[in-house]
Each structure stands twice: as structure tokens, then as C-alpha cells.
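> Provided herewith is a single structure, encoded as C-alpha cells, for subsequent inquiry.
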Amino acid sequence: METKIYHADTIKEAAKEIQAGQLVSFPTETVYGLGADATNEAAVKQVYVAKGRPSDNPLIVHVADITTVEKYAQPLSEKTRLLMKTFWPGPLTIILKLKPDALSKSVTGGLETAAFRNPHNEATLDLIRQAGVPIVGPSANTSGKPSPTEAKHVYHDLHSKIAGILDDGPTQIGVESTVIDMSGEVPSILRPGAVSEAQLAKVIGTVQSDHHKVGKNEVPKAPGMKYKHYAPNAQVLIVADDQWPAAMNWAAQQNSPVGVMTTEQVKKENLIPTNAEWFSLGEDVHSASHNLFAGLRHFDLESSVTYILAQEFDRIGLGEAYMNRLGKSAGQQYFQTPNK
């Protein structure tokens with residue numbers, strides 16, 4: 001299958017592919033998604049095949065308006081409407097109880113709930129409107145690999161497996177949306193993202209943080225809760241602030257190249273050895289979140305490093321989302337000073 005590249009002036013053609021049951025990758029403000037008609041079960045199943053994704057890992061349904069959500073979900077609570085009014089379009093995914101048989105089990109992972117999102121990207125909103133259907137959209141990468149923040153990342157993983165890619169340039173945020181579960185008695189964050197717990201609580205009051213690990217036989221309510229995610233070929237090691245001198249000394253002694261991902265300031269404060277390849281995370285946690293997946297992709301596609309040393313940030317605000325993704329990519333492994 002030839003994978004076509006679409007742009008703003010060819011969205012109509014991309015929408016026709018969706019209507020025909022084909023898969024088209026689309027841009028959002030967070031990462032690129034892999035789109036299929038959420039009402040077409042055969043098309044949705046092809047998303048799992050293309051990604052190599054476990055079938056009990058639910059998909060996020062992308063919509064262009066709240067009216068579409070009301071068609072499938074049970075009556076929206078006042079708090080849910082407040083969240084939509086405040087954060088949509090934007091990087092917030094909301095899990096809601098569904099009307100009976102409203103969406104295929106292939107979309108929901110067999111649950112009675114579904115995750116909905118209204119992305120802040122005009123090209124994709126236009127795609128959804130022209131397709132005339134809600135569009136499922138997990139990240140457009142091979143399952144378990146770093147999420148794509150540019151069209152070229154999607155092409156690398158999925159060319160010849162999908163019909164097309166709507167290219168709208170690099171994404172702005174770089175880590176996936178915050179996921180909040182509004183299907184229970186107390187709102188609960190299942191995946192941190194650009195919308196923080198504090199921001200959510202300011203709008204709707206008490207919000208629980210529930211980043212628990214999902215059991216082997218338990219179906220996750222949101223993507224990224226159960227299976228290995230965001231992992232490049234090289235082993236990622238998280239480096240705490242006070243460990244950089246030791247980490248650079250260790251890297252200099254390695255027989256193979258080592259990848260290093262830090263802000264500009266950390267680079268200034270530490271001598272990067274000649275056998276290490278540095279990738280800039282920019283100036284702060286905001287740029288680091290934007291560049292994290294791009295850096296992991298860089299070392300996968302354009303380098304031959306065995307290890308990647310990546311900078312730790314405080315788990316505050318966007319740092320919570322950054323560390324969530326970095327922790328998963330590293331298997332929660334930190335650099336530790338070798339015993340002498």
C-alpha cells in the first residue's frame with residue numbers, strides 16, 4: 001500500500017479515505033494520531049493491526065464538537081461540561097460512560113466507557129468534520145515505541161501500512177493529552193499531561209491522581225496504563241541533577257557511543273565526552289516535553305547508541321507528564337554511580 005502525504009489543501013481526499021474505512025494519521029497539538037472511523041469496527045480493528053497494539057488497550061475518540069460526544073455518551077454532568085468549556089479544544093481526554101452499544105468493543109477495549117478528546121488542531125478538526133464521523137486516534141507509532149511528533153516519525157513506523165498522513169508540521173506540546181476519568185464518583189487523572197491536576201481542580205474541585213499499574217488480567221481505562229510505552233532501541237537511564245558529573249565520567253569510559261539528552265544549562269555545566277552524542281531538550285521542562293519523543297526518535301533513527309542518559313525534572317506541573325513518559329521509556333531505571 002502506498003502511504004500518501006496530505007496537507008491542508010488536500011484534507012478532502014484524506015477524509016474520503018477515512019470514510020472508505022482506511023487509516024490516516026493526523027496531527028494534534030500533542031502527538032500524531034492514527035485515525036480511523038470510530039463507527040466502523042473493521043477499520044478500528046485495522047488500527048490495532050497496523051500498530052501491533054494489544055486489543056484490550058482502549059482508543060481515544062476524537063471529535064470536532066460536544067454534540068458528537070452527546071450522541072454516544074450518557075448525559076454529561078455539570079463538571080464534565082465545565083471541563084469541556086474550559087479545556088476544549090485542547091490536550092484533555094475525558095473518559096465517560098457510554099449509552100448501551102453506542103460504540104464497538106474494539107474502540108472501548110470491552111469496557112462500558114470511552115475516552116473522548118477535542119484536539120486543538122484546525123487541520124484535524126477539519127478532517128473530522130469532512131469525514132462526518134468521530135475518529136479513533138491512538139499515537140501513530142509502532143506499539144511500545146516513542147510517540148511521533150512529526151509526520152516523518154509516522155512514515156518511518158507505518159509507511160505501506162496505512163493509507164495516508166496529514167502533515168501539519170511538528171506538534172506543539174510533544175507529550176500526549178491528560179486523561180481524566182469522569183465515569184466514577186470522584187474525577188481521577190489516569191494519565192498526566194499538559195493540563196495539570198491543579199488546573200483541573202481549579203475548575204471542578206477535588207481530583208484524584210490515580211496512576212496505578214493495571215493488573216495482568218485487568219483492562220485499562222486509558223492508553224499507556226498497562227503496556228510498555230515510549231521505548232527506543234537503546235536503554236534509557238534517567239539522570240538526577242547531582243549525578244551528571246558521574247554520568248559523564250561513566251559515558252566517557254564506554255566502548256560504544258552514548259546518547260545524552262539535557263537542557264542547554266546542564267550541557268554548559270558538564271563536559272560532554274567525545275564519544276557521547278548530545279540532543280538538546282531546550283531551556284526548560286516545557287521545551288523538554290516538546291523535544292522528548294523527538295530525541296528518543298533521533299537516537300533510534302539516526303544513531304547507534306546503546307544507552308541514552310536523559311535529564312530528570314521535578315514532578316511539578318508539566319514535569320509530571322514529562323517524567324511519566326520518560327519513566328516508561330526507561331523502564332523506571334535511573335543512572336547509578338558504579339561501585340568502585
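Residues in the C-alpha cells are named by chain (A, B, ... in the order shown) and by number from 1 within that chain; ligands are numbered from 1 in the order shown.
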Which residues are close to region 141-143 of chain A, i.e. within 6 Å by only C-alpha atoms, leaving aside same-chain residues fewer than 3 positions away? Reply as a VMD selection string.
chain A and resid 51 to 53 147 154 157
> For Leu271 (chain A), work out the shell of residues within 9 Å, counting only C-alpha atoms and skipping chain neighbours fewer than 4 positions away, then give it as JSON, numbers by chain.
{"A": [245, 248, 267]}
> Closest to Asn255 (chain A) among A:Val236, A:Val305, A:Ile272, A:Ile5, using only C-alpha atoms?
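Smallest distance to Asn255 (chain A) is found for A:Val305.
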> Can you pull out the residues contacting Leu158 (chain A)? Cut-off 10 Å, using only C-alpha atoms, and skip same-chain residues under 4 positions away; I want them as a list in words.
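Counting only the stated atoms, we get Thr3, Ser25, Leu34, Ala50, Lys51, Ala140, Asn141, Thr142, Lys152, His153, Val154, Ile162, Ala163, Gly164 and Ile165 of chain A.
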